[in-house]
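Have a look at start.cif below; it lists mmCIF, C-alpha atoms.
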```
data_upload
#
loop_
_atom_site.group_PDB
_atom_site.id
_atom_site.type_symbol
_atom_site.label_atom_id
_atom_site.label_comp_id
_atom_site.auth_asym_id
_atom_site.auth_seq_id
_atom_site.Cartn_x
_atom_site.Cartn_y
_atom_site.Cartn_z
ATOM 1 C CA MET A 213 -13.707 11.407 19.340
ATOM 2 C CA PRO A 214 -15.429 8.157 18.334
ATOM 3 C CA THR A 215 -13.535 4.899 18.023
ATOM 4 C CA ASN A 216 -13.425 3.373 14.536
ATOM 5 C CA LYS A 217 -12.459 -0.095 13.371
ATOM 6 C CA ILE A 218 -9.916 -0.474 10.593
ATOM 7 C CA ALA A 219 -8.754 -3.542 8.660
ATOM 8 C CA LEU A 220 -5.448 -4.400 6.991
ATOM 9 C CA VAL A 221 -5.716 -7.166 4.396
ATOM 10 C CA GLN A 222 -2.582 -9.321 4.211
ATOM 11 C CA ALA A 223 -3.092 -11.261 0.999
ATOM 12 C CA ALA A 224 -1.431 -11.899 -2.345
ATOM 13 C CA SER A 225 -2.540 -10.676 -5.728
ATOM 14 C CA VAL A 226 -3.609 -13.198 -8.311
ATOM 15 C CA LEU A 227 -0.462 -12.535 -10.307
ATOM 16 C CA PHE A 228 -0.941 -11.574 -13.947
ATOM 17 C CA ASP A 229 -4.743 -11.676 -13.554
ATOM 18 C CA ARG A 230 -6.261 -8.269 -12.818
ATOM 19 C CA GLU A 231 -9.904 -9.352 -12.848
ATOM 20 C CA ALA A 232 -9.324 -12.272 -10.465
ATOM 21 C CA THR A 233 -7.401 -9.930 -8.151
ATOM 22 C CA ILE A 234 -10.284 -7.465 -8.115
ATOM 23 C CA GLU A 235 -12.666 -10.315 -7.290
ATOM 24 C CA LYS A 236 -10.386 -11.271 -4.409
ATOM 25 C CA ALA A 237 -10.323 -7.664 -3.218
ATOM 26 C CA ALA A 238 -14.130 -7.611 -3.303
ATOM 27 C CA ALA A 239 -14.443 -10.781 -1.212
ATOM 28 C CA LEU A 240 -11.888 -9.671 1.378
ATOM 29 C CA SER A 241 -13.347 -6.152 1.599
ATOM 30 C CA GLY A 242 -16.769 -7.688 2.171
ATOM 31 C CA GLU A 243 -15.381 -9.852 4.958
ATOM 32 C CA ALA A 244 -13.707 -6.860 6.620
ATOM 33 C CA ALA A 245 -16.861 -4.750 6.358
ATOM 34 C CA SER A 246 -19.018 -7.545 7.783
ATOM 35 C CA ASN A 247 -16.715 -7.539 10.808
ATOM 36 C CA GLY A 248 -17.306 -3.841 11.370
ATOM 37 C CA ALA A 249 -14.364 -2.227 9.573
ATOM 38 C CA ARG A 250 -14.955 1.268 8.213
ATOM 39 C CA PHE A 251 -11.519 1.522 6.577
ATOM 40 C CA VAL A 252 -9.801 -1.249 4.581
ATOM 41 C CA LEU A 253 -6.172 -1.176 3.416
ATOM 42 C CA PHE A 254 -4.529 -3.529 0.896
ATOM 43 C CA PRO A 255 -0.754 -3.929 0.282
ATOM 44 C CA GLU A 256 1.586 -2.303 -2.208
ATOM 45 C CA ALA A 257 0.869 -3.262 -5.841
ATOM 46 C CA PHE A 258 -2.061 -5.490 -4.861
ATOM 47 C CA ILE A 259 -3.854 -4.643 -8.107
ATOM 48 C CA GLY A 260 -1.400 -5.431 -10.893
ATOM 49 C CA GLY A 261 0.953 -7.450 -8.709
ATOM 50 C CA TYR A 262 4.403 -7.117 -7.176
ATOM 51 C CA PRO A 263 6.509 -9.419 -9.421
ATOM 52 C CA ARG A 264 9.111 -10.347 -6.825
ATOM 53 C CA GLY A 265 11.930 -12.459 -8.275
ATOM 54 C CA LEU A 266 11.238 -11.734 -11.960
ATOM 55 C CA SER A 267 13.807 -9.952 -14.121
ATOM 56 C CA PHE A 268 11.813 -9.071 -17.263
ATOM 57 C CA GLY A 269 14.852 -10.241 -19.218
ATOM 58 C CA THR A 270 17.005 -7.316 -18.156
ATOM 59 C CA VAL A 271 20.651 -7.019 -17.214
ATOM 60 C CA VAL A 272 22.809 -3.930 -17.464
ATOM 61 C CA GLY A 273 23.354 -3.281 -21.153
ATOM 62 C CA SER A 274 20.831 -5.674 -22.706
ATOM 63 C CA ARG A 275 17.237 -6.882 -22.764
ATOM 64 C CA ALA A 276 15.995 -10.327 -23.823
ATOM 65 C CA PRO A 277 12.935 -10.851 -26.070
ATOM 66 C CA TYR A 278 11.224 -13.140 -23.510
ATOM 67 C CA GLY A 279 11.398 -10.277 -21.014
ATOM 68 C CA ARG A 280 9.495 -7.991 -23.379
ATOM 69 C CA GLU A 281 6.778 -10.642 -23.623
ATOM 70 C CA GLN A 282 6.670 -10.854 -19.819
ATOM 71 C CA TRP A 283 6.445 -7.069 -19.649
ATOM 72 C CA LEU A 284 3.556 -7.068 -22.129
ATOM 73 C CA GLU A 285 1.572 -9.445 -19.933
ATOM 74 C CA TYR A 286 2.324 -7.341 -16.845
ATOM 75 C CA TYR A 287 1.322 -4.168 -18.704
ATOM 76 C CA ASN A 288 -1.940 -5.714 -19.893
ATOM 77 C CA ASN A 289 -2.888 -6.587 -16.293
ATOM 78 C CA ALA A 290 -2.225 -3.126 -14.872
ATOM 79 C CA LEU A 291 -5.093 -0.913 -13.740
ATOM 80 C CA VAL A 292 -6.070 1.640 -16.395
ATOM 81 C CA MET A 293 -7.405 4.896 -14.991
ATOM 82 C CA GLY A 294 -10.974 5.559 -16.101
ATOM 83 C CA SER A 295 -11.528 1.914 -17.060
ATOM 84 C CA PRO A 296 -14.217 -0.582 -15.994
ATOM 85 C CA ALA A 297 -11.625 -2.115 -13.658
ATOM 86 C CA LEU A 298 -11.296 1.197 -11.818
ATOM 87 C CA GLU A 299 -15.088 1.415 -11.608
ATOM 88 C CA ALA A 300 -15.138 -2.107 -10.134
ATOM 89 C CA LEU A 301 -12.960 -0.860 -7.277
ATOM 90 C CA SER A 302 -15.340 2.060 -6.732
ATOM 91 C CA VAL A 303 -18.200 -0.419 -6.518
ATOM 92 C CA ILE A 304 -16.348 -2.426 -3.841
ATOM 93 C CA ALA A 305 -16.042 0.677 -1.662
ATOM 94 C CA ARG A 306 -19.642 1.726 -2.294
ATOM 95 C CA GLU A 307 -21.268 -1.665 -1.756
ATOM 96 C CA ASN A 308 -19.379 -2.189 1.514
ATOM 97 C CA SER A 309 -19.663 1.440 2.721
ATOM 98 C CA VAL A 310 -15.947 1.577 3.524
ATOM 99 C CA TYR A 311 -13.019 3.814 2.844
ATOM 100 C CA LEU A 312 -10.924 1.579 0.590
ATOM 101 C CA ALA A 313 -7.180 2.056 0.105
ATOM 102 C CA LEU A 314 -5.285 -0.159 -2.318
ATOM 103 C CA GLY A 315 -1.822 -0.426 -3.753
ATOM 104 C CA ALA A 316 -2.152 -0.547 -7.541
ATOM 105 C CA VAL A 317 0.101 -0.745 -10.578
ATOM 106 C CA GLU A 318 -1.669 1.758 -12.812
ATOM 107 C CA ARG A 319 -1.385 3.820 -15.970
ATOM 108 C CA GLU A 320 -3.327 6.382 -17.913
ATOM 109 C CA ALA A 321 -5.326 5.250 -20.926
ATOM 110 C CA TYR A 322 -3.254 5.308 -24.139
ATOM 111 C CA GLU A 323 -0.011 5.772 -22.172
ATOM 112 C CA ASN A 324 2.661 3.157 -21.633
ATOM 113 C CA THR A 325 4.472 3.985 -18.387
ATOM 114 C CA LEU A 326 3.291 2.095 -15.300
ATOM 115 C CA TYR A 327 3.280 3.599 -11.811
ATOM 116 C CA CYS A 328 3.164 2.000 -8.381
ATOM 117 C CA SER A 329 0.377 3.939 -6.694
ATOM 118 C CA LEU A 330 -1.810 4.195 -3.622
ATOM 119 C CA LEU A 331 -5.513 4.799 -4.280
ATOM 120 C CA LEU A 332 -8.132 5.917 -1.749
ATOM 121 C CA PHE A 333 -11.877 5.571 -2.389
ATOM 122 C CA SER A 334 -14.722 6.986 -0.310
ATOM 123 C CA PRO A 335 -17.717 4.897 0.878
ATOM 124 C CA GLU A 336 -19.625 6.538 -1.982
ATOM 125 C CA GLY A 337 -17.125 5.119 -4.465
ATOM 126 C CA GLN A 338 -15.355 8.390 -5.264
ATOM 127 C CA LEU A 339 -11.621 8.242 -5.924
ATOM 128 C CA LEU A 340 -10.400 10.719 -3.319
ATOM 129 C CA HIS A 341 -6.668 10.425 -3.803
ATOM 130 C CA ARG A 342 -3.984 8.854 -5.983
ATOM 131 C CA HIS A 343 -0.357 8.939 -4.878
ATOM 132 C CA ARG A 344 2.329 7.707 -7.267
ATOM 133 C CA LYS A 345 5.492 6.280 -5.702
ATOM 134 C CA LEU A 346 8.222 8.891 -5.941
ATOM 135 C CA LYS A 347 11.230 6.624 -6.332
ATOM 136 C CA PRO A 348 10.903 2.947 -7.223
ATOM 137 C CA THR A 349 13.646 0.970 -5.495
ATOM 138 C CA ALA A 350 16.480 -0.731 -7.398
ATOM 139 C CA ALA A 351 15.133 -3.059 -10.144
ATOM 140 C CA GLU A 352 11.594 -1.715 -9.613
ATOM 141 C CA ARG A 353 12.758 1.178 -11.815
ATOM 142 C CA ILE A 354 12.743 -1.187 -14.796
ATOM 143 C CA ILE A 355 8.968 -1.620 -14.610
ATOM 144 C CA TRP A 356 7.651 1.527 -12.869
ATOM 145 C CA GLY A 357 8.051 5.205 -13.567
ATOM 146 C CA GLU A 358 8.634 7.880 -10.923
ATOM 147 C CA GLY A 359 5.913 10.029 -9.432
ATOM 148 C CA ASP A 360 6.367 13.788 -9.703
ATOM 149 C CA GLY A 361 5.636 14.657 -6.062
ATOM 150 C CA THR A 362 2.389 16.504 -6.746
ATOM 151 C CA SER A 363 0.438 13.804 -4.888
ATOM 152 C CA LEU A 364 2.110 14.332 -1.509
ATOM 153 C CA SER A 365 -1.179 15.341 0.041
ATOM 154 C CA VAL A 366 -3.592 14.283 2.772
ATOM 155 C CA ALA A 367 -7.307 13.546 2.446
ATOM 156 C CA ASP A 368 -9.474 14.954 5.233
ATOM 157 C CA ILE A 369 -11.983 12.169 5.918
ATOM 158 C CA PRO A 370 -14.176 11.602 9.019
ATOM 159 C CA LEU A 371 -11.866 8.858 10.300
ATOM 160 C CA GLY A 372 -8.903 11.242 10.304
ATOM 161 C CA ARG A 373 -6.556 13.114 8.011
ATOM 162 C CA THR A 374 -5.273 10.310 5.804
ATOM 163 C CA GLY A 375 -2.192 10.075 3.604
ATOM 164 C CA GLY A 376 0.655 7.718 2.959
ATOM 165 C CA LEU A 377 3.868 6.679 1.305
ATOM 166 C CA ILE A 378 4.701 3.408 -0.393
ATOM 167 C CA CYS A 379 7.406 1.067 0.892
ATOM 168 C CA TRP A 380 10.891 2.591 0.795
ATOM 169 C CA GLU A 381 9.791 6.115 -0.030
ATOM 170 C CA ASN A 382 9.050 6.105 3.702
ATOM 171 C CA TYR A 383 12.831 6.371 4.117
ATOM 172 C CA MET A 384 12.718 9.809 2.435
ATOM 173 C CA PRO A 385 12.615 12.349 5.312
ATOM 174 C CA LEU A 386 11.276 15.233 3.251
ATOM 175 C CA ALA A 387 8.435 13.101 1.889
ATOM 176 C CA ARG A 388 7.429 12.156 5.429
ATOM 177 C CA MET A 389 7.665 15.789 6.483
ATOM 178 C CA ALA A 390 5.319 16.790 3.654
ATOM 179 C CA LEU A 391 2.641 14.602 5.267
ATOM 180 C CA TYR A 392 3.438 15.713 8.817
ATOM 181 C CA GLU A 393 3.056 19.361 7.744
ATOM 182 C CA GLN A 394 -0.525 18.520 6.753
ATOM 183 C CA ASN A 395 -1.188 16.985 10.182
ATOM 184 C CA VAL A 396 -1.625 13.433 8.934
ATOM 185 C CA GLN A 397 -3.433 11.240 11.489
ATOM 186 C CA LEU A 398 -3.801 7.957 9.595
ATOM 187 C CA TYR A 399 -0.480 7.271 7.894
ATOM 188 C CA LEU A 400 -0.705 4.472 5.312
ATOM 189 C CA ALA A 401 2.426 2.466 4.529
ATOM 190 C CA PRO A 402 1.670 -0.363 2.093
ATOM 191 C CA THR A 403 4.854 -2.275 1.365
ATOM 192 C CA ALA A 404 6.645 -5.328 -0.007
ATOM 193 C CA ASP A 405 9.274 -5.284 2.784
ATOM 194 C CA GLN A 406 9.176 -8.273 5.150
ATOM 195 C CA ARG A 407 12.311 -7.516 7.170
ATOM 196 C CA ASP A 408 12.496 -6.904 10.903
ATOM 197 C CA SER A 409 14.016 -3.489 10.212
ATOM 198 C CA TRP A 410 10.790 -2.460 8.476
ATOM 199 C CA GLN A 411 8.908 -2.983 11.722
ATOM 200 C CA ALA A 412 11.327 -0.572 13.387
ATOM 201 C CA THR A 413 10.746 1.943 10.583
ATOM 202 C CA LEU A 414 6.994 1.936 11.116
ATOM 203 C CA ARG A 415 7.359 2.428 14.858
ATOM 204 C CA HIS A 416 9.780 5.299 14.259
ATOM 205 C CA ILE A 417 7.337 7.008 11.869
ATOM 206 C CA ALA A 418 4.541 6.708 14.434
ATOM 207 C CA CYS A 419 6.742 8.269 17.116
ATOM 208 C CA GLU A 420 8.031 10.963 14.786
ATOM 209 C CA GLY A 421 4.688 11.910 13.256
ATOM 210 C CA ARG A 422 2.542 11.196 16.320
ATOM 211 C CA CYS A 423 0.052 9.402 14.087
ATOM 212 C CA TYR A 424 -1.419 5.956 13.554
ATOM 213 C CA VAL A 425 0.723 3.994 11.095
ATOM 214 C CA LEU A 426 -0.864 1.204 9.046
ATOM 215 C CA GLY A 427 1.755 -1.076 7.508
ATOM 216 C CA CYS A 428 0.248 -3.629 5.102
ATOM 217 C CA ASN A 429 2.148 -6.355 3.218
ATOM 218 C CA GLN A 430 1.391 -9.444 1.141
ATOM 219 C CA PHE A 431 1.909 -13.088 2.025
ATOM 220 C CA VAL A 432 3.228 -14.791 -1.122
ATOM 221 C CA THR A 433 4.496 -18.274 -1.973
ATOM 222 C CA LYS A 434 6.085 -19.615 -5.164
ATOM 223 C CA ASN A 435 3.061 -21.688 -6.083
ATOM 224 C CA MET A 436 1.006 -18.489 -6.366
ATOM 225 C CA TYR A 437 2.952 -17.582 -9.536
ATOM 226 C CA PRO A 438 1.835 -18.767 -12.976
ATOM 227 C CA GLU A 439 3.609 -22.045 -13.676
ATOM 228 C CA LYS A 440 5.411 -20.659 -16.728
ATOM 229 C CA TYR A 441 7.293 -18.178 -14.506
ATOM 230 C CA ARG A 442 8.298 -20.530 -11.690
ATOM 231 C CA GLU A 443 11.498 -21.719 -13.397
ATOM 232 C CA GLU A 444 12.838 -18.182 -13.069
ATOM 233 C CA LEU A 445 12.261 -18.409 -9.304
ATOM 234 C CA GLN A 446 14.738 -21.239 -8.761
ATOM 235 C CA GLY A 447 16.920 -20.340 -5.820
ATOM 236 C CA GLN A 448 14.180 -18.249 -4.232
ATOM 237 C CA PRO A 449 12.655 -19.432 -0.930
ATOM 238 C CA GLU A 450 9.292 -21.194 -1.038
ATOM 239 C CA VAL A 451 7.756 -18.328 0.930
ATOM 240 C CA MET A 452 8.532 -15.311 -1.214
ATOM 241 C CA CYS A 453 7.106 -12.795 1.257
ATOM 242 C CA ARG A 454 5.994 -13.640 4.785
ATOM 243 C CA GLY A 455 3.957 -10.524 5.509
ATOM 244 C CA GLY A 456 4.334 -8.568 8.729
ATOM 245 C CA SER A 457 1.284 -6.310 8.494
ATOM 246 C CA VAL A 458 1.003 -4.177 11.616
ATOM 247 C CA VAL A 459 -0.816 -1.229 13.178
ATOM 248 C CA VAL A 460 1.209 1.159 15.343
ATOM 249 C CA GLY A 461 -0.283 3.762 17.660
ATOM 250 C CA PRO A 462 0.826 7.414 17.827
ATOM 251 C CA LEU A 463 3.239 6.741 20.716
ATOM 252 C CA GLY A 464 4.981 3.971 18.776
ATOM 253 C CA ASP A 465 3.244 1.073 20.511
ATOM 254 C CA VAL A 466 2.157 -1.872 18.372
ATOM 255 C CA ILE A 467 -1.611 -2.222 18.789
ATOM 256 C CA ALA A 468 -2.264 -5.025 16.249
ATOM 257 C CA GLY A 469 0.040 -7.589 14.674
ATOM 258 C CA PRO A 470 2.475 -8.074 13.192
ATOM 259 C CA LEU A 471 0.860 -10.890 11.208
ATOM 260 C CA TRP A 472 3.360 -13.399 9.819
ATOM 261 C CA ASP A 473 3.351 -16.434 7.510
ATOM 262 C CA GLU A 474 -0.289 -16.474 6.450
ATOM 263 C CA GLU A 475 -2.968 -14.569 4.651
ATOM 264 C CA GLY A 476 -5.422 -12.864 6.947
ATOM 265 C CA ILE A 477 -7.137 -9.648 7.982
ATOM 266 C CA LEU A 478 -5.704 -7.618 10.832
ATOM 267 C CA TYR A 479 -8.161 -5.434 12.778
ATOM 268 C CA ALA A 480 -7.577 -2.514 15.123
ATOM 269 C CA GLU A 481 -9.569 0.203 16.887
ATOM 270 C CA ILE A 482 -8.416 3.786 16.413
ATOM 271 C CA ASN A 483 -9.393 6.973 18.210
ATOM 272 C CA LEU A 484 -8.097 10.396 17.154
ATOM 273 C CA ASP A 485 -8.039 11.549 20.770
ATOM 274 C CA GLU A 486 -4.927 9.361 21.080
ATOM 275 C CA VAL A 487 -3.255 11.429 18.360
ATOM 276 C CA VAL A 488 -3.998 14.634 20.229
ATOM 277 C CA LYS A 489 -2.790 13.225 23.556
ATOM 278 C CA SER A 490 0.446 12.004 21.967
ATOM 279 C CA LYS A 491 1.378 15.562 20.999
ATOM 280 C CA LEU A 492 1.563 16.802 24.568
ATOM 281 C CA ASP A 493 5.331 16.366 24.525
ATOM 282 C CA PHE A 494 6.210 16.183 20.821
ATOM 283 C CA ASP A 495 4.790 17.769 17.675
ATOM 284 C CA VAL A 496 7.275 17.751 14.809
ATOM 285 C CA VAL A 497 5.518 20.604 12.976
ATOM 286 C CA GLY A 498 4.280 22.421 16.073
ATOM 287 C CA HIS A 499 5.944 23.216 19.404
ATOM 288 C CA TYR A 500 8.815 20.797 18.650
ATOM 289 C CA GLY A 501 9.361 22.058 15.113
ATOM 290 C CA MET A 502 12.124 24.208 13.655
ATOM 291 C CA ARG A 503 11.504 27.928 13.625
ATOM 292 C CA ARG A 504 12.956 30.085 10.865
#
```
Let me see whether you can do it: turn the structure in this file into structure tokens.
Amino acid sequence: MPTNKIALVQAASVLFDREATIEKAAALSGEAASNGARFVLFPEAFIGGYPRGLSFGTVVGSRAPYGREQWLEYYNNALVMGSPALEALSVIARENSVYLALGAVEREAYENTLYCSLLLFSPEGQLLHRHRKLKPTAAERIIWGEGDGTSLSVADIPLGRTGGLICWENYMPLARMALYEQNVQLYLAPTADQRDSWQATLRHIACEGRCYVLGCNQFVTKNMYPEKYREELQGQPEVMCRGGSVVVGPLGDVIAGPLWDEEGILYAEINLDEVVKSKLDFDVVGHYGMRR
């Protein structure tokens, strides 16, 4: 099998500014493509933003009017399916001839529920796949709805059978197994988790699924937030998220990264022969699987 170059973009959204974020995605995708990448992955909620530290005026039992205003701004900067903003993402993939995978906060036109999703575009600009996060974690449930599970599928592209889960839904064994059963080879894991334990999770998934695992996170500081929201971040550290993007091979070995404490693009070479070789002694849905 040929070797292909992939790129993980560790960068922050331009919070509460969808168009500026798309422009940033275009510039970084162009940089990755110019360096030979055929596949480019962005973090969880890159389009639309991951509003770490914000409460939207909610506590158990009540909601504050200022939080509804904050929600309105967040809603207005989400990605609307079928919109010019979605087409702009298609253009990025097409103009750079890359497979483009992005975390996006998205909604349907004329609907009001937002979803945390993973989108995959072909080098021709076609939207190949949209996976909606099954279970937003903790306070994420205030701002995002739940996916219905119908998007637990894998796209068969020339670089490998590609699918993924978002952040902590990777802790859901049956969701992982749904991808393994489809012989996933490139397992995408965009996230907002910067903990050391997340690194262990990604290595476990690679060992368990015998697949490449691409874990992509943002690097975010307080001064990246609009000034009007910074007062709410008092008590938060200056570095809100320190990254940790990483590529893990199908035997659980780290082959690129992790990248910490800066924005940057992480590159790695992948070869599907390594996936095949890794299954000599373990195949969770094959010779090492349960038989009924």
Practice prompt. May I ask which of the residues A:Glu307, A:Phe258, A:Ile218, A:Asp360 is the closest one to Val425 in chain A, counting all atoms listed in the file?
Written response: A:Ile218
Practice prompt. Could you expand the PyMOL selection byres ((chain A and resi 327) around 8) into the explicit residues it covers here, written as JSON, numbers by chain?
Written response: {"A": [317, 318, 319, 325, 326, 328, 329, 344, 345, 356, 357, 358, 359]}
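Between Asn288 in chain A and the candidates A:Arg230, A:Glu243, A:Gln394, A:Leu332, the tightest atom-to-atom separation, counting all atoms listed in the file, involves A:Arg230.
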Item to complete: Compile the contact shell of Lys489 in chain A as a PyMOL selection string: residues with an atom at most 12 Å away, counting all atoms listed in the file, same-chain residues fewer than 6 positions apart removed.
Response: chain A and resi 213+422-423+461-463+483+495
Item to complete: Would you write out, as a ChimeraX atom specification, every residue that the PyMOL selection byres ((chain A and resi 424) around 10) captures in this file?
Response: /A:372,374,396-400,414-415,417-419,421-423,425-427,459-467,482-484,486-487
Worksheet entry | CA of Trp410 in chain A to CA of Leu371 in chain A, straight-line distance in Å | 25.4 Å
Can you translate the PyMOL selection byres ((chain A and resi 257) around 10) into the concrete residues it hits in this file, as a JSON list (two decimals) with C-alpha atoms, keeping the file's coordinate frame?
```json
[["chain", "number", "residue", "atom", "x", "y", "z"],
["A", 224, "ALA", "CA", -1.43, -11.90, -2.35],
["A", 225, "SER", "CA", -2.54, -10.68, -5.73],
["A", 254, "PHE", "CA", -4.53, -3.53, 0.90],
["A", 255, "PRO", "CA", -0.75, -3.93, 0.28],
["A", 256, "GLU", "CA", 1.59, -2.30, -2.21],
["A", 258, "PHE", "CA", -2.06, -5.49, -4.86],
["A", 259, "ILE", "CA", -3.85, -4.64, -8.11],
["A", 260, "GLY", "CA", -1.40, -5.43, -10.89],
["A", 261, "GLY", "CA", 0.95, -7.45, -8.71],
["A", 262, "TYR", "CA", 4.40, -7.12, -7.18],
["A", 263, "PRO", "CA", 6.51, -9.42, -9.42],
["A", 290, "ALA", "CA", -2.22, -3.13, -14.87],
["A", 314, "LEU", "CA", -5.28, -0.16, -2.32],
["A", 315, "GLY", "CA", -1.82, -0.43, -3.75],
["A", 316, "ALA", "CA", -2.15, -0.55, -7.54],
["A", 317, "VAL", "CA", 0.10, -0.74, -10.58],
["A", 318, "GLU", "CA", -1.67, 1.76, -12.81],
["A", 327, "TYR", "CA", 3.28, 3.60, -11.81],
["A", 328, "CYS", "CA", 3.16, 2.00, -8.38],
["A", 329, "SER", "CA", 0.38, 3.94, -6.69],
["A", 330, "LEU", "CA", -1.81, 4.20, -3.62],
["A", 378, "ILE", "CA", 4.70, 3.41, -0.39],
["A", 402, "PRO", "CA", 1.67, -0.36, 2.09],
["A", 403, "THR", "CA", 4.85, -2.28, 1.36],
["A", 404, "ALA", "CA", 6.64, -5.33, -0.01],
["A", 429, "ASN", "CA", 2.15, -6.36, 3.22],
["A", 430, "GLN", "CA", 1.39, -9.44, 1.14]]
```
Item to complete: Find the residue from A:Cys428, A:Ala313, A:Ala305, A:Ala390 that sits nearest to Val221 in chain A; use only C-alpha atoms when measuring.
Response: A:Cys428
Practice prompt. Kindly give the distance, in Å, that separates CA of Tyr286 in chain A and CA of Leu266 in chain A, rounded to a single decimal.
Written response: 11.1 Å
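Picture a line from CA of Glu231 in chain A to CA of Glu475 in chain A; it runs 19.5 Å.
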Item to complete: Fewer than 5 positions away in the same chain doesn't count, so skip those; otherwise give me all residues within 9 Å of His341 in chain A, counting all atoms listed in the file, as a PyMOL selection string.
Response: chain A and resi 330-333+363+365-367+375
Worksheet item: Any idea what's packed within 7 Å of Glu285 in chain A, counting only C-alpha atoms, ignoring anything in its chain fewer than 4 positions away? Could you give it as an MDAnalysis selection string?
Response: chainID A and resid 228 281 289
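Residue nearest Glu393 in chain A, chosen from A:Met502, A:Leu220, A:Val292, A:Val272 and counting only C-alpha atoms: A:Met502.
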Practice prompt. Go through A:Phe251, A:Tyr322, A:Phe268, A:Trp380 and flag the residue nearest Ser295 in chain A, using all atoms listed in the file for the distances.
Written response: A:Tyr322
Worksheet entry | Residue nearest Ala238 in chain A - candidates A:Leu301, A:Arg388, A:Leu291, A:Lys491, atoms counted: all atoms listed in the file | A:Leu301
What's the 8 Å shell around Met436 in chain A, counting only C-alpha atoms, without same-chain residues fewer than 4 positions away, as a tab-separated table (two decimals) with C-alpha atoms, in the coordinates of the input?
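Listed below is the output, result-v4.tsv:
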```tsv
chain	number	residue	atom	x	y	z
A	226	VAL	CA	-3.61	-13.20	-8.31
A	227	LEU	CA	-0.46	-12.54	-10.31
A	432	VAL	CA	3.23	-14.79	-1.12
```
